[in-house]
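As provided, run.cif (mmCIF, C-alpha atoms and all ligand atoms) reads as follows.
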```
data_structure
loop_
_atom_site.label_atom_id
_atom_site.label_comp_id
_atom_site.auth_asym_id
_atom_site.auth_seq_id
_atom_site.Cartn_x
_atom_site.Cartn_y
_atom_site.Cartn_z
CA MET A 41 -37.88 -11.47 -43.83
CA ASN A 42 -38.06 -14.57 -41.70
CA ILE A 43 -36.61 -14.68 -38.20
CA LEU A 44 -37.02 -17.97 -36.41
CA LYS A 45 -38.03 -18.12 -32.78
CA LEU A 46 -35.59 -20.74 -31.56
CA THR A 47 -36.33 -22.95 -28.57
CA GLU A 48 -34.72 -25.92 -26.88
CA GLU A 49 -37.11 -28.18 -28.78
CA CYS A 50 -36.35 -26.95 -32.28
CA PHE A 51 -32.72 -25.88 -31.93
CA GLU A 52 -31.23 -29.11 -33.22
CA ARG A 53 -33.48 -29.25 -36.25
CA GLU A 54 -33.34 -25.56 -37.18
CA VAL A 55 -29.75 -24.72 -36.30
CA LEU A 56 -27.53 -27.75 -35.81
CA LYS A 57 -28.87 -29.65 -38.82
CA ALA A 58 -29.41 -26.64 -41.05
CA ASP A 59 -28.01 -26.75 -44.56
CA LYS A 60 -27.01 -23.08 -44.42
CA PRO A 61 -25.05 -21.01 -41.87
CA VAL A 62 -27.30 -19.80 -39.05
CA LEU A 63 -27.01 -16.47 -37.25
CA VAL A 64 -28.35 -16.82 -33.71
CA ASP A 65 -29.14 -13.83 -31.48
CA PHE A 66 -29.33 -14.64 -27.74
CA TYR A 67 -31.44 -11.95 -26.06
CA ALA A 68 -33.94 -11.14 -23.32
CA ASP A 69 -36.88 -8.76 -23.21
CA TRP A 70 -35.53 -6.87 -20.19
CA CYS A 71 -32.16 -6.23 -21.83
CA GLY A 72 -31.82 -2.67 -23.14
CA PRO A 73 -28.78 -3.31 -25.34
CA CYS A 74 -30.63 -6.25 -26.94
CA ARG A 75 -33.27 -3.82 -28.20
CA MET A 76 -30.48 -1.98 -30.03
CA MET A 77 -29.25 -5.23 -31.59
CA SER A 78 -32.64 -6.24 -32.88
CA PRO A 79 -32.92 -3.84 -35.87
CA ILE A 80 -29.40 -4.82 -36.95
CA ILE A 81 -30.37 -8.51 -36.93
CA ASP A 82 -33.53 -7.67 -38.89
CA GLU A 83 -31.50 -5.88 -41.57
CA ILE A 84 -29.06 -8.76 -41.92
CA ALA A 85 -31.93 -11.24 -42.18
CA GLU A 86 -33.46 -9.13 -44.93
CA GLU A 87 -30.26 -8.69 -46.92
CA LYS A 88 -28.94 -12.21 -46.60
CA GLN A 89 -32.12 -14.24 -46.67
CA ASP A 90 -30.93 -16.35 -49.59
CA VAL A 91 -27.70 -17.49 -48.01
CA ILE A 92 -28.27 -17.76 -44.25
CA LYS A 93 -30.92 -18.52 -41.67
CA VAL A 94 -31.49 -16.11 -38.80
CA GLY A 95 -32.99 -16.96 -35.42
CA LYS A 96 -33.42 -15.61 -31.91
CA VAL A 97 -33.12 -17.35 -28.57
CA ASN A 98 -34.90 -15.82 -25.60
CA VAL A 99 -32.51 -16.74 -22.78
CA ASP A 100 -35.22 -16.41 -20.10
CA GLU A 101 -37.26 -19.12 -21.76
CA ASN A 102 -34.36 -21.24 -22.97
CA GLN A 103 -31.83 -21.26 -20.18
CA GLU A 104 -30.46 -24.65 -21.15
CA LEU A 105 -29.37 -23.28 -24.51
CA ALA A 106 -27.69 -20.30 -22.88
CA ILE A 107 -25.81 -22.62 -20.55
CA LYS A 108 -24.92 -25.08 -23.29
CA TYR A 109 -23.37 -22.36 -25.44
CA ASP A 110 -21.81 -20.59 -22.50
CA VAL A 111 -23.71 -17.35 -22.98
CA SER A 112 -23.02 -15.08 -20.00
CA SER A 113 -23.59 -11.68 -21.55
CA ILE A 114 -26.35 -10.49 -23.84
CA PRO A 115 -26.78 -9.74 -26.60
CA THR A 116 -24.54 -12.55 -27.84
CA ILE A 117 -24.59 -13.34 -31.53
CA MET A 118 -23.27 -16.66 -32.81
CA ILE A 119 -22.72 -17.96 -36.28
CA PHE A 120 -23.29 -21.72 -36.61
CA ARG A 121 -21.89 -23.72 -39.50
CA ASN A 122 -22.53 -27.45 -39.77
CA GLY A 123 -23.82 -27.52 -36.23
CA ILE A 124 -20.81 -25.80 -34.70
CA PRO A 125 -20.60 -22.22 -33.40
CA VAL A 126 -17.74 -20.78 -35.45
CA LYS A 127 -17.92 -17.14 -34.45
CA THR A 128 -19.25 -15.29 -31.40
CA PHE A 129 -19.91 -11.57 -30.97
CA ILE A 130 -20.52 -10.30 -27.47
CA GLY A 131 -22.46 -7.07 -27.04
CA VAL A 132 -24.13 -4.90 -29.65
CA THR A 133 -22.10 -5.36 -32.82
CA ASP A 134 -21.82 -3.37 -36.00
CA LYS A 135 -23.64 -4.80 -39.01
CA THR A 136 -20.55 -4.70 -41.23
CA GLU A 137 -18.53 -6.61 -38.66
CA ILE A 138 -21.10 -9.43 -38.66
CA LEU A 139 -21.44 -9.42 -42.44
CA GLU A 140 -17.67 -9.73 -42.83
CA ASN A 141 -17.84 -12.99 -40.91
CA LEU A 142 -20.76 -14.57 -42.72
CA MET B 19 -36.22 17.87 -17.48
CA TYR B 20 -33.47 19.10 -19.77
CA ASP B 21 -33.56 19.24 -23.53
CA VAL B 22 -29.94 18.18 -23.75
CA ILE B 23 -27.54 16.63 -21.28
CA ILE B 24 -23.87 16.58 -22.21
CA ILE B 25 -21.48 14.34 -20.31
CA GLY B 26 -18.03 15.90 -20.39
CA ALA B 27 -16.79 19.49 -20.16
CA GLY B 28 -13.77 19.29 -22.46
CA PRO B 29 -13.60 20.97 -25.88
CA ALA B 30 -16.16 18.58 -27.42
CA GLY B 31 -18.80 18.89 -24.70
CA VAL B 32 -18.48 22.64 -24.23
CA SER B 33 -18.55 23.26 -27.97
CA ALA B 34 -21.78 21.24 -28.29
CA SER B 35 -23.34 23.19 -25.42
CA LEU B 36 -22.60 26.55 -27.04
CA TYR B 37 -24.83 25.57 -29.95
CA THR B 38 -27.65 23.93 -28.00
CA GLN B 39 -27.87 26.67 -25.36
CA ARG B 40 -27.83 29.44 -27.98
CA ALA B 41 -30.69 27.63 -29.74
CA ASN B 42 -32.60 28.08 -26.46
CA LEU B 43 -32.42 24.45 -25.49
CA LYS B 44 -32.17 23.84 -21.78
CA THR B 45 -28.70 22.36 -21.54
CA LEU B 46 -26.86 20.62 -18.71
CA ILE B 47 -23.18 19.70 -18.73
CA ILE B 48 -22.07 17.09 -16.20
CA TYR B 49 -18.38 16.48 -15.72
CA TYR B 50 -16.11 14.75 -13.25
CA GLY B 51 -12.50 13.68 -13.31
CA LYS B 52 -9.65 14.71 -15.51
CA SER B 53 -10.00 15.92 -19.07
CA SER B 54 -7.08 15.16 -21.41
CA LEU B 55 -6.83 18.89 -21.89
CA GLN B 56 -5.82 19.41 -18.27
CA LYS B 57 -2.78 17.25 -18.91
CA ALA B 58 -1.61 19.25 -21.93
CA GLU B 59 1.03 21.67 -20.80
CA ASN B 60 0.85 24.13 -23.67
CA ILE B 61 -1.44 23.97 -26.68
CA GLU B 62 0.34 25.64 -29.57
CA ASN B 63 -1.58 24.25 -32.49
CA TYR B 64 -5.06 25.54 -31.73
CA TYR B 65 -6.43 28.55 -33.57
CA GLY B 66 -6.37 32.04 -32.07
CA PHE B 67 -3.82 32.00 -29.23
CA GLU B 68 -0.74 33.85 -30.40
CA HIS B 69 1.53 32.40 -27.68
CA GLY B 70 -0.35 29.14 -27.21
CA ILE B 71 -2.33 28.45 -24.06
CA SER B 72 -2.01 25.96 -21.22
CA GLY B 73 -4.47 23.08 -21.45
CA LYS B 74 -5.63 23.71 -17.91
CA ASP B 75 -6.45 27.35 -18.68
CA LEU B 76 -8.24 26.48 -21.91
CA TYR B 77 -10.32 23.88 -20.07
CA GLU B 78 -11.39 26.33 -17.37
CA LEU B 79 -12.10 29.09 -19.90
CA GLY B 80 -14.34 26.72 -21.83
CA ILE B 81 -16.40 25.82 -18.77
CA ARG B 82 -16.79 29.50 -17.85
CA GLN B 83 -17.78 30.38 -21.41
CA ALA B 84 -20.57 27.78 -21.26
CA GLN B 85 -21.74 29.07 -17.89
CA ASN B 86 -21.71 32.66 -19.10
CA ILE B 87 -24.23 31.93 -21.81
CA GLY B 88 -26.52 30.09 -19.41
CA VAL B 89 -25.50 26.45 -19.62
CA GLU B 90 -25.98 24.70 -16.29
CA VAL B 91 -22.75 22.95 -15.30
CA LYS B 92 -22.52 20.33 -12.57
CA GLY B 93 -19.34 18.70 -11.33
CA GLN B 94 -20.73 15.23 -10.57
CA GLU B 95 -19.54 11.73 -11.39
CA VAL B 96 -21.80 9.86 -13.80
CA VAL B 97 -22.24 6.21 -12.82
CA ASN B 98 -25.12 5.10 -15.04
CA VAL B 99 -27.25 6.05 -18.05
CA GLU B 100 -30.54 4.51 -19.16
CA GLN B 101 -32.76 4.84 -22.16
CA LEU B 102 -36.39 5.53 -21.20
CA ILE B 103 -39.12 3.98 -23.30
CA ASN B 104 -42.51 5.64 -23.88
CA GLU B 105 -41.74 8.68 -21.76
CA ASP B 106 -41.25 12.34 -22.61
CA ALA B 107 -37.66 12.12 -21.52
CA ARG B 108 -35.62 9.63 -23.45
CA PHE B 109 -32.55 9.41 -21.25
CA ARG B 110 -31.81 9.26 -17.55
CA VAL B 111 -28.32 10.04 -16.29
CA THR B 112 -27.44 8.94 -12.77
CA THR B 113 -24.63 10.66 -10.91
CA VAL B 114 -23.36 10.11 -7.40
CA GLU B 115 -25.62 12.97 -6.31
CA GLY B 116 -28.78 12.70 -8.38
CA LYS B 117 -30.70 11.67 -11.46
CA TYR B 118 -31.26 13.94 -14.48
CA GLU B 119 -33.45 13.39 -17.51
CA SER B 120 -33.26 14.73 -21.03
CA LYS B 121 -34.59 14.39 -24.55
CA ALA B 122 -31.17 14.21 -26.16
CA LEU B 123 -27.85 13.05 -24.75
CA ILE B 124 -24.33 13.84 -25.89
CA PHE B 125 -21.30 11.78 -24.88
CA ALA B 126 -18.16 13.93 -24.79
CA MET B 127 -16.26 11.94 -22.21
CA GLY B 128 -12.84 11.73 -23.78
CA ASN B 129 -11.00 8.48 -24.26
CA GLU B 130 -9.67 7.65 -20.84
CA LYS B 131 -9.42 3.85 -20.76
CA ASN B 132 -9.81 2.41 -17.33
CA ARG B 133 -9.19 -1.21 -18.16
CA PRO B 134 -7.10 -2.79 -15.42
CA LYS B 135 -3.93 -4.49 -16.52
CA ILE B 136 -4.46 -7.79 -14.77
CA LYS B 137 -3.46 -11.09 -16.32
CA GLY B 138 -6.48 -13.07 -17.47
CA ILE B 139 -8.92 -10.18 -17.84
CA GLU B 140 -8.86 -10.11 -21.62
CA ARG B 141 -8.75 -13.85 -21.99
CA PHE B 142 -11.95 -14.32 -20.00
CA GLU B 143 -13.98 -11.48 -21.50
CA GLY B 144 -17.44 -12.92 -22.05
CA LYS B 145 -16.37 -16.02 -20.11
CA GLY B 146 -16.83 -14.64 -16.65
CA VAL B 147 -15.33 -11.18 -17.09
CA SER B 148 -18.03 -8.56 -17.62
CA TYR B 149 -18.13 -4.80 -18.01
CA CYS B 150 -21.84 -4.32 -17.32
CA ALA B 151 -23.76 -5.45 -14.25
CA VAL B 152 -27.26 -4.66 -15.57
CA CYS B 153 -26.56 -6.51 -18.80
CA ASP B 154 -24.97 -9.64 -17.38
CA GLY B 155 -25.97 -9.96 -13.72
CA PHE B 156 -28.79 -12.29 -14.73
CA PHE B 157 -26.31 -14.99 -15.73
CA TYR B 158 -24.80 -15.05 -12.26
CA ARG B 159 -27.97 -15.70 -10.26
CA ASN B 160 -27.10 -17.62 -7.11
CA LYS B 161 -23.41 -17.40 -7.89
CA ASP B 162 -20.50 -15.70 -6.15
CA VAL B 163 -19.07 -12.74 -8.04
CA VAL B 164 -16.55 -9.96 -7.48
CA VAL B 165 -16.52 -6.34 -8.57
CA LEU B 166 -13.13 -4.93 -9.45
CA GLY B 167 -12.80 -1.31 -8.43
CA SER B 168 -12.90 1.00 -5.45
CA GLY B 169 -14.83 4.12 -6.43
CA ASN B 170 -18.42 5.23 -6.84
CA TYR B 171 -18.76 3.42 -10.14
CA ALA B 172 -17.79 0.12 -8.52
CA ILE B 173 -20.35 0.69 -5.76
CA SER B 174 -23.04 1.46 -8.30
CA GLU B 175 -22.28 -1.86 -10.02
CA VAL B 176 -22.35 -3.66 -6.66
CA ASN B 177 -25.82 -2.24 -6.03
CA GLU B 178 -27.00 -3.57 -9.39
CA LEU B 179 -25.75 -7.05 -8.55
CA ILE B 180 -26.58 -7.34 -4.90
CA ASN B 181 -30.18 -8.50 -5.33
CA VAL B 182 -29.42 -10.88 -8.15
CA VAL B 183 -26.33 -12.85 -7.22
CA LYS B 184 -25.53 -15.01 -4.18
CA SER B 185 -22.63 -12.88 -2.97
CA VAL B 186 -20.54 -9.92 -4.10
CA ALA B 187 -17.06 -9.02 -2.95
CA ILE B 188 -15.34 -5.76 -3.85
CA LEU B 189 -11.70 -6.22 -4.87
CA THR B 190 -9.84 -2.93 -4.81
CA ASN B 191 -6.59 -4.40 -6.17
CA GLY B 192 -4.37 -2.44 -3.81
CA GLU B 193 -6.45 0.74 -3.75
CA SER B 194 -7.84 1.91 -0.44
CA SER B 195 -11.18 0.57 0.68
CA PRO B 196 -14.28 2.55 -0.38
CA GLU B 197 -16.62 4.07 2.20
CA PHE B 198 -19.26 1.47 1.66
CA ARG B 199 -20.74 -1.00 4.06
CA ALA B 200 -23.31 -3.67 3.38
CA ASP B 201 -23.79 -6.83 5.41
CA ASN B 202 -23.28 -9.24 2.58
CA VAL B 203 -20.50 -7.43 0.72
CA LYS B 204 -16.92 -8.26 1.60
CA ILE B 205 -14.16 -5.82 0.71
CA GLU B 206 -10.70 -7.10 -0.13
CA THR B 207 -7.87 -4.62 -0.73
CA LYS B 208 -5.04 -7.05 -1.57
CA PRO B 209 -3.33 -6.53 -4.95
CA ILE B 210 -4.34 -9.06 -7.60
CA GLU B 211 -1.90 -11.24 -9.50
CA GLU B 212 -4.15 -13.00 -11.98
CA ILE B 213 -7.63 -14.21 -12.89
CA THR B 214 -7.52 -17.95 -13.56
CA GLY B 215 -9.73 -20.77 -14.75
CA LYS B 216 -9.95 -23.49 -17.34
CA ASP B 217 -12.55 -22.34 -19.87
CA ARG B 218 -14.21 -19.78 -17.62
CA VAL B 219 -13.25 -17.63 -14.67
CA GLU B 220 -12.80 -19.82 -11.61
CA GLU B 221 -10.69 -17.87 -9.18
CA VAL B 222 -8.78 -14.72 -8.42
CA ARG B 223 -5.21 -15.15 -7.28
CA PHE B 224 -3.73 -12.39 -5.14
CA LYS B 225 -0.10 -11.33 -5.09
CA ASP B 226 0.34 -12.84 -1.63
CA GLY B 227 -0.52 -16.28 -3.04
CA THR B 228 -4.01 -16.57 -1.56
CA THR B 229 -7.00 -17.20 -3.81
CA LEU B 230 -10.72 -16.47 -3.95
CA LYS B 231 -13.18 -18.68 -5.82
CA THR B 232 -15.57 -16.73 -8.04
CA SER B 233 -17.82 -17.25 -11.05
CA GLY B 234 -17.74 -13.71 -12.34
CA VAL B 235 -15.50 -10.65 -12.37
CA PHE B 236 -17.30 -7.35 -13.02
CA VAL B 237 -14.83 -4.67 -14.00
CA ALA B 238 -15.64 -1.18 -12.70
CA GLN B 239 -12.34 0.47 -12.03
CA GLY B 240 -12.05 4.24 -11.65
CA VAL B 241 -14.64 6.50 -13.22
CA ALA B 242 -17.13 5.04 -15.74
CA GLY B 243 -15.79 5.76 -19.22
CA SER B 244 -17.64 6.32 -22.47
CA LEU B 245 -17.26 2.64 -23.40
CA ASP B 246 -18.79 1.51 -20.11
CA LEU B 247 -21.82 3.74 -20.56
CA ALA B 248 -22.15 2.83 -24.24
CA LYS B 249 -22.27 -0.83 -23.29
CA LYS B 250 -25.12 -0.27 -20.82
CA LEU B 251 -27.21 1.39 -23.52
CA GLY B 252 -26.32 -0.90 -26.40
CA VAL B 253 -24.42 1.73 -28.35
CA ILE B 254 -22.10 0.24 -30.94
CA THR B 255 -18.38 0.51 -30.26
CA LYS B 256 -15.46 -0.60 -32.38
CA ASN B 257 -11.76 -0.70 -31.50
CA ASN B 258 -12.56 1.03 -28.20
CA ASN B 259 -14.32 3.98 -29.82
CA ILE B 260 -17.99 4.84 -30.03
CA VAL B 261 -19.20 4.39 -33.60
CA VAL B 262 -20.86 7.49 -35.09
CA ASN B 263 -21.79 8.63 -38.57
CA GLU B 264 -20.62 11.92 -40.11
CA ASN B 265 -23.25 13.79 -38.07
CA MET B 266 -22.05 12.32 -34.78
CA GLU B 267 -25.17 10.18 -34.48
CA THR B 268 -24.81 6.83 -32.72
CA ASN B 269 -27.05 3.86 -33.43
CA MET B 270 -29.43 5.12 -30.70
CA GLN B 271 -31.87 7.86 -31.65
CA GLY B 272 -31.19 11.09 -29.76
CA LEU B 273 -27.74 10.00 -28.60
CA TYR B 274 -24.65 11.67 -30.04
CA ALA B 275 -20.96 11.23 -29.32
CA CYS B 276 -18.10 13.60 -30.09
CA GLY B 277 -14.44 14.33 -29.42
CA ASP B 278 -11.84 11.81 -28.35
CA CYS B 279 -14.45 9.17 -27.43
CA VAL B 280 -15.24 8.58 -31.11
CA GLY B 281 -11.57 8.22 -32.08
CA GLY B 282 -9.88 9.70 -35.13
CA LEU B 283 -7.63 12.71 -34.63
CA LEU B 284 -7.21 13.22 -30.89
CA GLN B 285 -6.83 16.99 -30.96
CA VAL B 286 -8.69 19.99 -29.57
CA SER B 287 -9.58 21.33 -33.03
CA LYS B 288 -11.29 18.10 -34.03
CA ALA B 289 -13.08 17.79 -30.68
CA VAL B 290 -14.45 21.32 -31.09
CA GLY B 291 -15.66 20.54 -34.61
CA ASP B 292 -17.24 17.26 -33.54
CA GLY B 293 -18.98 19.01 -30.65
CA ALA B 294 -20.45 21.62 -32.99
CA LYS B 295 -21.87 18.92 -35.22
CA ALA B 296 -23.31 16.95 -32.30
CA GLY B 297 -24.89 20.13 -30.93
CA MET B 298 -26.44 21.00 -34.29
CA GLU B 299 -27.84 17.49 -34.72
CA ALA B 300 -29.29 17.52 -31.20
CA ILE B 301 -31.03 20.81 -32.04
CA LYS B 302 -32.55 19.30 -35.19
CA PHE B 303 -33.63 16.21 -33.29
CA ILE B 304 -35.39 18.15 -30.55
CA ARG B 305 -37.14 20.46 -33.03
CA LYS B 306 -38.36 17.36 -34.81
CA ILE B 307 -39.84 15.77 -31.69
CA HIS B 308 -41.43 19.09 -30.68
CA ASN B 309 -43.09 19.42 -34.08
CA SER B 310 -44.32 15.86 -34.24
C1 LIG C 401 -0.49 15.28 -22.48
C2 LIG C 401 -1.43 15.71 -23.57
C3 LIG C 401 -1.08 16.72 -24.44
C4 LIG C 401 -1.95 17.14 -25.47
N1 LIG C 401 -1.57 18.15 -26.30
C5 LIG C 401 -2.41 18.59 -27.26
C6 LIG C 401 -2.06 19.68 -28.14
O1 LIG C 401 -0.97 20.25 -28.04
N2 LIG C 401 -2.96 20.08 -29.07
C7 LIG C 401 -4.17 19.48 -29.22
O2 LIG C 401 -4.97 19.90 -30.06
N3 LIG C 401 -4.54 18.43 -28.41
C8 LIG C 401 -3.69 17.97 -27.45
N4 LIG C 401 -4.07 16.91 -26.64
C9 LIG C 401 -5.35 16.23 -26.89
C10 LIG C 401 -6.57 17.00 -26.35
O3 LIG C 401 -6.37 17.28 -24.98
C11 LIG C 401 -7.83 16.16 -26.55
O4 LIG C 401 -7.95 15.79 -27.92
C12 LIG C 401 -9.08 16.91 -26.13
O5 LIG C 401 -9.02 17.31 -24.80
C13 LIG C 401 -10.33 16.03 -26.35
O6 LIG C 401 -11.46 16.68 -25.91
P1 LIG C 401 -12.76 15.91 -25.42
O7 LIG C 401 -13.74 16.98 -25.09
O8 LIG C 401 -13.14 14.88 -26.40
O9 LIG C 401 -12.33 15.10 -24.10
P2 LIG C 401 -11.64 15.57 -22.77
O10 LIG C 401 -11.00 16.90 -22.93
O11 LIG C 401 -10.77 14.45 -22.32
O12 LIG C 401 -12.85 15.74 -21.75
C14 LIG C 401 -13.53 14.66 -21.20
C15 LIG C 401 -14.58 15.17 -20.23
O13 LIG C 401 -15.42 14.09 -19.79
C16 LIG C 401 -15.57 14.14 -18.40
N5 LIG C 401 -15.91 12.77 -17.91
C17 LIG C 401 -15.32 11.59 -18.25
N6 LIG C 401 -15.93 10.57 -17.59
C18 LIG C 401 -16.92 11.11 -16.82
C19 LIG C 401 -17.88 10.57 -15.91
N7 LIG C 401 -18.00 9.26 -15.64
N8 LIG C 401 -18.73 11.43 -15.29
C20 LIG C 401 -18.67 12.78 -15.57
N9 LIG C 401 -17.78 13.33 -16.41
C21 LIG C 401 -16.92 12.50 -17.03
C22 LIG C 401 -14.26 14.70 -17.89
O14 LIG C 401 -14.40 15.30 -16.63
C23 LIG C 401 -13.98 15.78 -18.96
O15 LIG C 401 -14.68 16.96 -18.65
C24 LIG C 401 -3.21 16.50 -25.61
C25 LIG C 401 -3.57 15.48 -24.73
C26 LIG C 401 -2.71 15.06 -23.72
C27 LIG C 401 -3.13 13.96 -22.78
#
```
Would you put the structure from the file into structure tokens?
Amino acid sequence: MNILKLTEECFEREVLKADKPVLVDFYADWCGPCRMMSPIIDEIAEEKQDVIKVGKVNVDENQELAIKYDVSSIPTIMIFRNGIPVKTFIGVTDKTEILENL
Amino acid sequence: MYDVIIIGAGPAGVSASLYTQRANLKTLIIYYGKSSLQKAENIENYYGFEHGISGKDLYELGIRQAQNIGVEVKGQEVVNVEQLINEDARFRVTTVEGKYESKALIFAMGNEKNRPKIKGIERFEGKGVSYCAVCDGFFYRNKDVVVLGSGNYAISEVNELINVVKSVAILTNGESSPEFRADNVKIETKPIEEITGKDRVEEVRFKDGTTLKTSGVFVAQGVAGSLDLAKKLGVITKNNNIVVNENMETNMQGLYACGDCVGGLLQVSKAVGDGAKAGMEAIKFIRKIHNS
């Protein structure tokens, strides 16, 4: 399982120019609900490793990204396709609901 | 510290407590505000009452039954719950009067939805409208926000925000002003017409035509419901219900939910059955942590 640690520096390369859909989890260490999202993200990354990329953005360290993508609640999970966020889930979200949208 | 805290004293919560208390687990029920049962005039489809029974009577009988077997019952409004990490207790429940800790927690809070019907609220969810101050306050540092509500839950949310944001105003939307005074918190009782903005919340428009600029609207109307508390913990919800498996387990270890707050058949019989399962699972969980 490979979960990318996404930063402002690598976001364009890893997410916007990716050749697969990318699932991005915006989180922070102090955020309790984010800890509940984390195992769900891990499972998806494991199951779907052939078809998607999965990465996490720490919003404390990457505030510009949070602002750019209008994240004002965490966890927020976004699916990027061809550089564009096509689906956003706000709050801890069921695995099946995310899988249905991949 | 309690073994089990149950929030809610309706059929689901009381039923769970009967199992946990009889398994010698130190059990606390906390309840506040109306149960659906109290609104049911006569229950004629529940087992064992030959002429039916009024919902109000059944509710009170249930609470007394729990008390009679030794369950501690407190009538206090819950305003917050937290998961504790690396401590003996795993949960902390905050009420208006105190804080209580437990190893397992059961949500049996019914399905009262306290979402205000104000134009714009749904449209701006996640774009300035928030249901959780601890989760989202961070994004409003140095910004002006409002809290929608007038009760203890609203005040609890204000206290979460006060040290993070630039300013907080309480908007009661026509309700009377809460007994709460803080230098930097304005209270506005005017009824609200609409929340407006382009892509994000920008202002609140009152029915009298006046407006208030704001970056965020934190919704905390009435008493905190099961969905509000679930959100604070990171418990999965779907279609306004808490998601549980067939054993009433949520996605958080040690946390169970039962009765109307998990959806399905909204009836006493189902709430009682759910409560029994949640109680049994909590017993298993606590035995497991004691033996490990
Ligand atoms: C008008 C009406 C008629 C009905 N008729 C029938 C019928 O004929 N037959 C039937 O089987 N069912 C009937 N029902 C449905 C039945 O009442 C519910 O299914 C049942 O009460 C659900 O039980 P519960 O324990 O899940 O929740 P509830 O009974 O709603 O209990 C919720 C508990 O949570 C507590 N609580 C909530 N929030 C907080 C908080 N923040 N802090 C502390 N405590 C909190 C409340 O005080 C309450 O004790 C009727 C319902 C209504 C509204």
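Minimum atom-to-atom distances from B:Ile213, B:Ala41, B:Ile87, B:Ile47 to ligand LIG 401 (chain C) were compared using all atoms listed in the file, and the lowest value belongs to B:Ile47.
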Compile the contact shell of region 119-129 of chain B as number ranges by chain: residues with an atom at most 8 Å away, counting only C-alpha atoms, same-chain residues fewer than 4 positions apart removed. B: 19-28, 30-31, 53-54, 106-111, 243-244, 259, 272-279, 281, 293, 296, 300, 303-304
Output C-alpha atoms for every residue in that selection, as a compact mmCIF listing (two decimals), in the coordinates of the input.
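This is the output file again_9.txt:
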```
# COMPACT_ATOMS: atom_id res chain seq x y z
CA MET B 19 -36.22 17.87 -17.48
CA TYR B 20 -33.47 19.10 -19.77
CA ASP B 21 -33.56 19.24 -23.53
CA VAL B 22 -29.94 18.18 -23.75
CA ILE B 23 -27.54 16.63 -21.28
CA ILE B 24 -23.87 16.58 -22.21
CA ILE B 25 -21.48 14.34 -20.31
CA GLY B 26 -18.03 15.90 -20.39
CA ALA B 27 -16.79 19.49 -20.16
CA GLY B 28 -13.77 19.29 -22.46
CA ALA B 30 -16.16 18.58 -27.42
CA GLY B 31 -18.80 18.89 -24.70
CA SER B 53 -10.00 15.92 -19.07
CA SER B 54 -7.08 15.16 -21.41
CA ASP B 106 -41.25 12.34 -22.61
CA ALA B 107 -37.66 12.12 -21.52
CA ARG B 108 -35.62 9.63 -23.45
CA PHE B 109 -32.55 9.41 -21.25
CA ARG B 110 -31.81 9.26 -17.55
CA VAL B 111 -28.32 10.04 -16.29
CA GLY B 243 -15.79 5.76 -19.22
CA SER B 244 -17.64 6.32 -22.47
CA ASN B 259 -14.32 3.98 -29.82
CA GLY B 272 -31.19 11.09 -29.76
CA LEU B 273 -27.74 10.00 -28.60
CA TYR B 274 -24.65 11.67 -30.04
CA ALA B 275 -20.96 11.23 -29.32
CA CYS B 276 -18.10 13.60 -30.09
CA GLY B 277 -14.44 14.33 -29.42
CA ASP B 278 -11.84 11.81 -28.35
CA CYS B 279 -14.45 9.17 -27.43
CA GLY B 281 -11.57 8.22 -32.08
CA GLY B 293 -18.98 19.01 -30.65
CA ALA B 296 -23.31 16.95 -32.30
CA ALA B 300 -29.29 17.52 -31.20
CA PHE B 303 -33.63 16.21 -33.29
CA ILE B 304 -35.39 18.15 -30.55
```
Counting all atoms listed in the file, which residues of chain A come no farther than 7 Å from chain B, as a PyMOL selection string? chain A and resi 71-74+76+112-114+130+132-134
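For the choices A:Thr47, A:Val97, A:Val62, A:Ala68, the atom-to-atom distance to Ala85 (chain A) is smallest for A:Val62 when using all atoms listed in the file.
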Test item: residues at most 9 Å from region 134-139 of chain B, only C-alpha atoms, excluding those fewer than 6 positions along its chain, as a PDB file with C-alpha atoms, keeping the file's coordinate frame:
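This is the output file part13.pdb:
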```
ATOM      1  CA  VAL B 147     -15.330 -11.180 -17.090  1.00  0.00           C
ATOM      2  CA  LEU B 166     -13.130  -4.930  -9.450  1.00  0.00           C
ATOM      3  CA  ILE B 210      -4.340  -9.060  -7.600  1.00  0.00           C
ATOM      4  CA  GLU B 211      -1.900 -11.240  -9.500  1.00  0.00           C
ATOM      5  CA  GLU B 212      -4.150 -13.000 -11.980  1.00  0.00           C
ATOM      6  CA  ILE B 213      -7.630 -14.210 -12.890  1.00  0.00           C
ATOM      7  CA  THR B 214      -7.520 -17.950 -13.560  1.00  0.00           C
ATOM      8  CA  GLY B 215      -9.730 -20.770 -14.750  1.00  0.00           C
ATOM      9  CA  VAL B 219     -13.250 -17.630 -14.670  1.00  0.00           C
ATOM     10  CA  VAL B 235     -15.500 -10.650 -12.370  1.00  0.00           C
ATOM     11  CA  VAL B 237     -14.830  -4.670 -14.000  1.00  0.00           C
ATOM     12  CA  GLN B 239     -12.340   0.470 -12.030  1.00  0.00           C
TER      13      GLN B 239
END
```
